[in-house]
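Trainee: The structure under discussion is supplied below as C-alpha cells; questions concerning it will follow.
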Amino acid sequence: MSYMVRAAIALAALIALPILSAGCSAAPGDADSEELVGADETVGSSEDGVSGSIASGTTLVATANVNLRTQSSTSSTVLKVVPDGATVVVLESAPSNGFYKVKHNGTTGWTFGEYYQVGDAPPDGDDDGPDDSSQPTSKREAAMQRARNAKGFSYWWGHGRFRDEGPTSSTKGSCSGSCPSCSHKGSYGADCSGLVAKVWQVPSSNDELSVDDHPYSTASFNDDTGLWSTVSRGSLKMADAMVYRSGSAGHVFVYEKGDGWGSMYAYECKGCSYGCVAGFRTASSSFHGIRRAGY
C-alpha cells in the first residue's frame, strides 16, 4: 500500500473520531437523555405560601417537591425539581402569575410561591449587614460578629488587624496602588486571608482583633487541615468560607447566607481599591466551600 493511500485512510479515521474539548467535559450521566418528569403540583401548597413582593436576596424554603421552570407558567419546561426543605434565593422581588424568579444550586428559573415559606430575609439596605448590636449566641454567630466588625476597614496586604467597635474615619486606613506593591496608611485592615484567620481565630492564639497577625495565605485555606475542611457549596452554613487558589493567585471570603451556587451575602477584604466590604456576590466554579473545625 502506497504512502498516499495509508495517509488518506489515517485522515479519514481521524475525521471520524468525536471532537474532544481541551478543557473539562461533562461526567458520564450529566447529560439528560429524557424529558424531566416534574413534581406533582397539586400537593404541598398551603395558604401560608409566599405571595406579593419579596425582597431580592430573600431565602425561601420549599414545603414540598416543587418544579423550577423556564418561565412563569405551568406549561413551561421543567428545569429541575427543588426538593422539599431545600432553599432558593429570590432574584426579582415582584412575582409573575404567582411565580418567583429564583436561583437554586446555580440554576435560575421560575417557581410557584405557594410551595414556599420565607426563610432568611436579606439584610436591611443594599449593602448593610445584620444588626451589629446583636449578641453572639454560638461560635458561628461570634465569628460573624467579628466579620461585621471588620467591614469598612482598608485592605492591608499581609496583615490582619481590626477594632471591636468597627472603623472610624481616623482608624479605617487606606490602600493605594496595585498589591502586592501597594501602599497602606493606618494601623488597621487586612487582606482576604488575614480576615478569615481573624474571623475563625486560627490558630487559637489569633483571638484578638486588635493584634496584627497574619498566619495564613489563600494557599493554606485551599487544602484541608485539622483546622478546616472542604464542604459542598450546597451545604454552606453561616460563617463557612469560600476559597480558590490558582498558581500564586487566590481569594477567600466569609459566607453568611444565600445560595452557594448563586447569590450569597459575604464579608471579604476584596482588594486595595475596595477595602473590607460586605454584600451580595456570586463565585465562579473555581471556588469551593470550607468549614472551620468545631463550628
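Numbering starts fresh at 1 for the residues of each chain in the C-alpha cells, the chains themselves are lettered A, B, ... in the order given, and ligands are numbered from 1 as they appear.
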From segment 74-287 of chain A, collect each residue whose DSSP state is helix (DSSP H, G or I) and return the set as a ChimeraX atom specification.

Mentor: /A:113-115,139-150,192-200,218-222,233-235

Trainee: Could you write out that same residue set with N, CA and C atoms as a CSV table (one decimal), in the first residue's frame?

Mentor:
chain,number,residue,atom,x,y,z
A,113,GLY,N,-45.0,30.3,44.3
A,113,GLY,CA,-44.8,30.8,45.6
A,113,GLY,C,-45.6,30.0,46.7
A,114,GLU,N,-46.7,29.3,46.3
A,114,GLU,CA,-47.5,28.6,47.3
A,114,GLU,C,-46.8,27.4,47.9
A,115,TYR,N,-45.7,27.0,47.3
A,115,TYR,CA,-44.9,25.8,47.8
A,115,TYR,C,-43.7,26.3,48.6
A,139,LYS,N,-20.8,29.8,68.3
A,139,LYS,CA,-19.4,30.0,67.7
A,139,LYS,C,-19.6,30.7,66.3
A,140,ARG,N,-20.6,30.2,65.6
A,140,ARG,CA,-20.8,30.8,64.2
A,140,ARG,C,-21.2,32.3,64.3
A,141,GLU,N,-22.1,32.6,65.2
A,141,GLU,CA,-22.6,33.9,65.3
A,141,GLU,C,-21.4,34.8,65.8
A,142,ALA,N,-20.6,34.3,66.7
A,142,ALA,CA,-19.5,35.1,67.2
A,142,ALA,C,-18.5,35.3,66.1
A,143,ALA,N,-18.3,34.3,65.2
A,143,ALA,CA,-17.4,34.5,64.1
A,143,ALA,C,-18.0,35.6,63.1
A,144,MET,N,-19.3,35.5,62.9
A,144,MET,CA,-19.9,36.5,62.0
A,144,MET,C,-19.8,37.9,62.6
A,145,GLN,N,-19.9,38.0,63.9
A,145,GLN,CA,-19.8,39.3,64.6
A,145,GLN,C,-18.4,39.9,64.3
A,146,ARG,N,-17.4,39.1,64.3
A,146,ARG,CA,-16.0,39.5,64.0
A,146,ARG,C,-15.9,40.0,62.6
A,147,ALA,N,-16.6,39.3,61.7
A,147,ALA,CA,-16.6,39.7,60.3
A,147,ALA,C,-17.3,41.0,60.1
A,148,ARG,N,-18.4,41.2,60.8
A,148,ARG,CA,-19.1,42.5,60.7
A,148,ARG,C,-18.3,43.7,61.3
A,149,ASN,N,-17.5,43.4,62.3
A,149,ASN,CA,-16.6,44.4,62.9
A,149,ASN,C,-15.5,44.9,61.9
A,150,ALA,N,-15.2,44.0,61.0
A,150,ALA,CA,-14.1,44.3,60.0
A,150,ALA,C,-14.6,45.1,58.8
A,192,CYS,N,-7.5,39.3,52.3
A,192,CYS,CA,-8.6,38.3,52.4
A,192,CYS,C,-8.3,37.2,53.4
A,193,SER,N,-7.1,36.6,53.4
A,193,SER,CA,-6.8,35.5,54.3
A,193,SER,C,-6.6,36.0,55.7
A,194,GLY,N,-6.1,37.3,55.9
A,194,GLY,CA,-6.0,37.9,57.2
A,194,GLY,C,-7.3,38.0,57.9
A,195,LEU,N,-8.4,38.4,57.1
A,195,LEU,CA,-9.7,38.5,57.6
A,195,LEU,C,-10.2,37.2,58.1
A,196,VAL,N,-10.1,36.1,57.2
A,196,VAL,CA,-10.7,34.8,57.6
A,196,VAL,C,-10.0,34.2,58.8
A,197,ALA,N,-8.7,34.5,58.9
A,197,ALA,CA,-7.9,34.0,60.1
A,197,ALA,C,-8.4,34.6,61.4
A,198,LYS,N,-8.8,35.9,61.3
A,198,LYS,CA,-9.3,36.6,62.5
A,198,LYS,C,-10.7,36.2,62.8
A,199,VAL,N,-11.5,36.0,61.7
A,199,VAL,CA,-12.9,35.6,61.9
A,199,VAL,C,-13.0,34.2,62.6
A,200,TRP,N,-12.1,33.3,62.1
A,200,TRP,CA,-12.1,31.9,62.6
A,200,TRP,C,-11.2,31.7,63.8
A,218,THR,N,-4.1,32.3,51.1
A,218,THR,CA,-5.2,31.6,50.5
A,218,THR,C,-4.7,30.1,50.1
A,219,ALA,N,-3.4,29.9,49.9
A,219,ALA,CA,-2.9,28.6,49.7
A,219,ALA,C,-3.2,27.7,50.9
A,220,SER,N,-3.1,28.2,52.1
A,220,SER,CA,-3.3,27.5,53.3
A,220,SER,C,-4.8,27.0,53.4
A,221,PHE,N,-5.7,27.9,53.1
A,221,PHE,CA,-7.1,27.6,53.2
A,221,PHE,C,-7.6,26.7,52.1
A,222,ASN,N,-6.9,26.6,51.0
A,222,ASN,CA,-7.3,25.8,49.8
A,222,ASN,C,-7.2,24.3,50.1
A,233,ARG,N,-20.8,23.3,48.2
A,233,ARG,CA,-21.4,24.6,48.1
A,233,ARG,C,-22.8,24.6,48.4
A,234,GLY,N,-23.5,23.5,48.2
A,234,GLY,CA,-24.9,23.4,48.5
A,234,GLY,C,-25.3,23.3,50.0
A,235,SER,N,-24.2,23.0,50.8
A,235,SER,CA,-24.5,22.8,52.3
A,235,SER,C,-23.8,23.9,53.1

Trainee: Per DSSP on the backbone, filter segment 175-221 of chain A down to the residues in strand (DSSP E or B) and report them as a PyMOL selection string.

Mentor: chain A and resi 175-178+181-185+189-190

Trainee: Would you mind exporting N, CA and C atoms of the selected residues as a compact mmCIF listing (two decimals), in the first residue's frame?

Mentor:
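Output file selection-v2.txt follows:
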# COMPACT_ATOMS: atom_id res chain seq x y z
N CYS A 175 -5.61 52.24 51.30
CA CYS A 175 -4.67 51.49 50.46
C CYS A 175 -4.61 52.14 49.10
N SER A 176 -3.43 52.21 48.51
CA SER A 176 -3.28 52.77 47.17
C SER A 176 -2.27 51.95 46.39
N GLY A 177 -2.44 51.95 45.09
CA GLY A 177 -1.52 51.21 44.23
C GLY A 177 -2.04 49.84 43.89
N SER A 178 -1.17 48.98 43.41
CA SER A 178 -1.52 47.62 43.00
C SER A 178 -0.75 46.63 43.85
N SER A 181 2.57 45.32 45.51
CA SER A 181 3.39 46.53 45.57
C SER A 181 2.52 47.75 45.88
N CYS A 182 1.62 47.61 46.85
CA CYS A 182 0.71 48.69 47.20
C CYS A 182 1.20 49.39 48.45
N SER A 183 0.63 50.55 48.72
CA SER A 183 0.99 51.33 49.90
C SER A 183 -0.21 51.42 50.83
N HIS A 184 0.04 51.32 52.11
CA HIS A 184 -1.04 51.37 53.09
C HIS A 184 -0.76 52.44 54.14
N LYS A 185 -1.80 53.17 54.49
CA LYS A 185 -1.71 54.16 55.56
C LYS A 185 -2.67 53.75 56.67
N GLY A 189 -6.67 46.97 59.27
CA GLY A 189 -7.07 46.45 57.97
C GLY A 189 -6.57 45.03 57.81
N ALA A 190 -6.79 44.45 56.65
CA ALA A 190 -6.35 43.07 56.38
C ALA A 190 -6.47 42.77 54.91

Trainee: Do you have, as CSV, the list of residues of segment 81-108 of chain A lying at most 12 Å from segment 275-292 of chain A, each with its nearest atom pair and that distance in Å to one decimal, counting only C-alpha atoms and ordered by chain then number?

Mentor:
residue,atom,partner,partner_atom,distance
A:Val89,CA,A:Phe280,CA,11.4
A:Leu91,CA,A:Phe280,CA,11.3
A:Lys103,CA,A:Thr282,CA,11.5
A:Asn105,CA,A:Thr282,CA,11.6
A:Gly106,CA,A:Thr282,CA,9.8

Trainee: Which residue is closest to Asp240 of chain A? Choose from A:Asp164, A:Glu208, A:Tyr216, A:Ala293 and count only C-alpha atoms.

Mentor: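 Closest candidate: A:Ala293.
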
Trainee: Atom CA of Trp228 of chain A and atom CA of Tyr267 of chain A, how far apart in Å?

Mentor: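 Interatomic distance, atom CA of Tyr267 of chain A to atom CA of Trp228 of chain A: 18.2 Å.
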
Trainee: Which residue gives the smallest distance to Ser93 of chain A among A:Thr58, A:Val231, A:Asp224, A:Leu236, with only C-alpha atoms counted?

Mentor: A:Thr58

Trainee: State, in Å with one decimal place, the distance from atom CA of Asp191 of chain A to atom CA of Gly166 of chain A.

Mentor: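 Between atom CA of Asp191 of chain A and atom CA of Gly166 of chain A the gap works out to 16.2 Å.
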
Trainee: Looking at only C-alpha atoms, which of A:Ala241, A:Ile54, A:Val102, A:Ala86 is the one that sits closest to Leu68 of chain A?

Mentor: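 Closest to Leu68 of chain A, using only C-alpha atoms: A:Val102.
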
Trainee: What's the separation between atom CA of Thr168 of chain A and atom CA of Ser187 of chain A, in Å to one decimal place?

Mentor: 12.2 Å

Trainee: List as a PyMOL selection string the protein and nucleic acid residues near segment 62-65 of chain A, meaning an atom at most 7 Å away when only C-alpha atoms are counted, but skip any in the same chain fewer than 5 places from it.

Mentor: chain A and resi 39+44+81-87+115-117

Trainee: Select, from A:Thr107, A:Ser246, A:Thr230, A:Ser273, the residue with the minimum atom-to-atom distance to Ser174 of chain A, counting only C-alpha atoms.

Mentor: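 That would be A:Ser273, the residue with the smallest distance to Ser174 of chain A.
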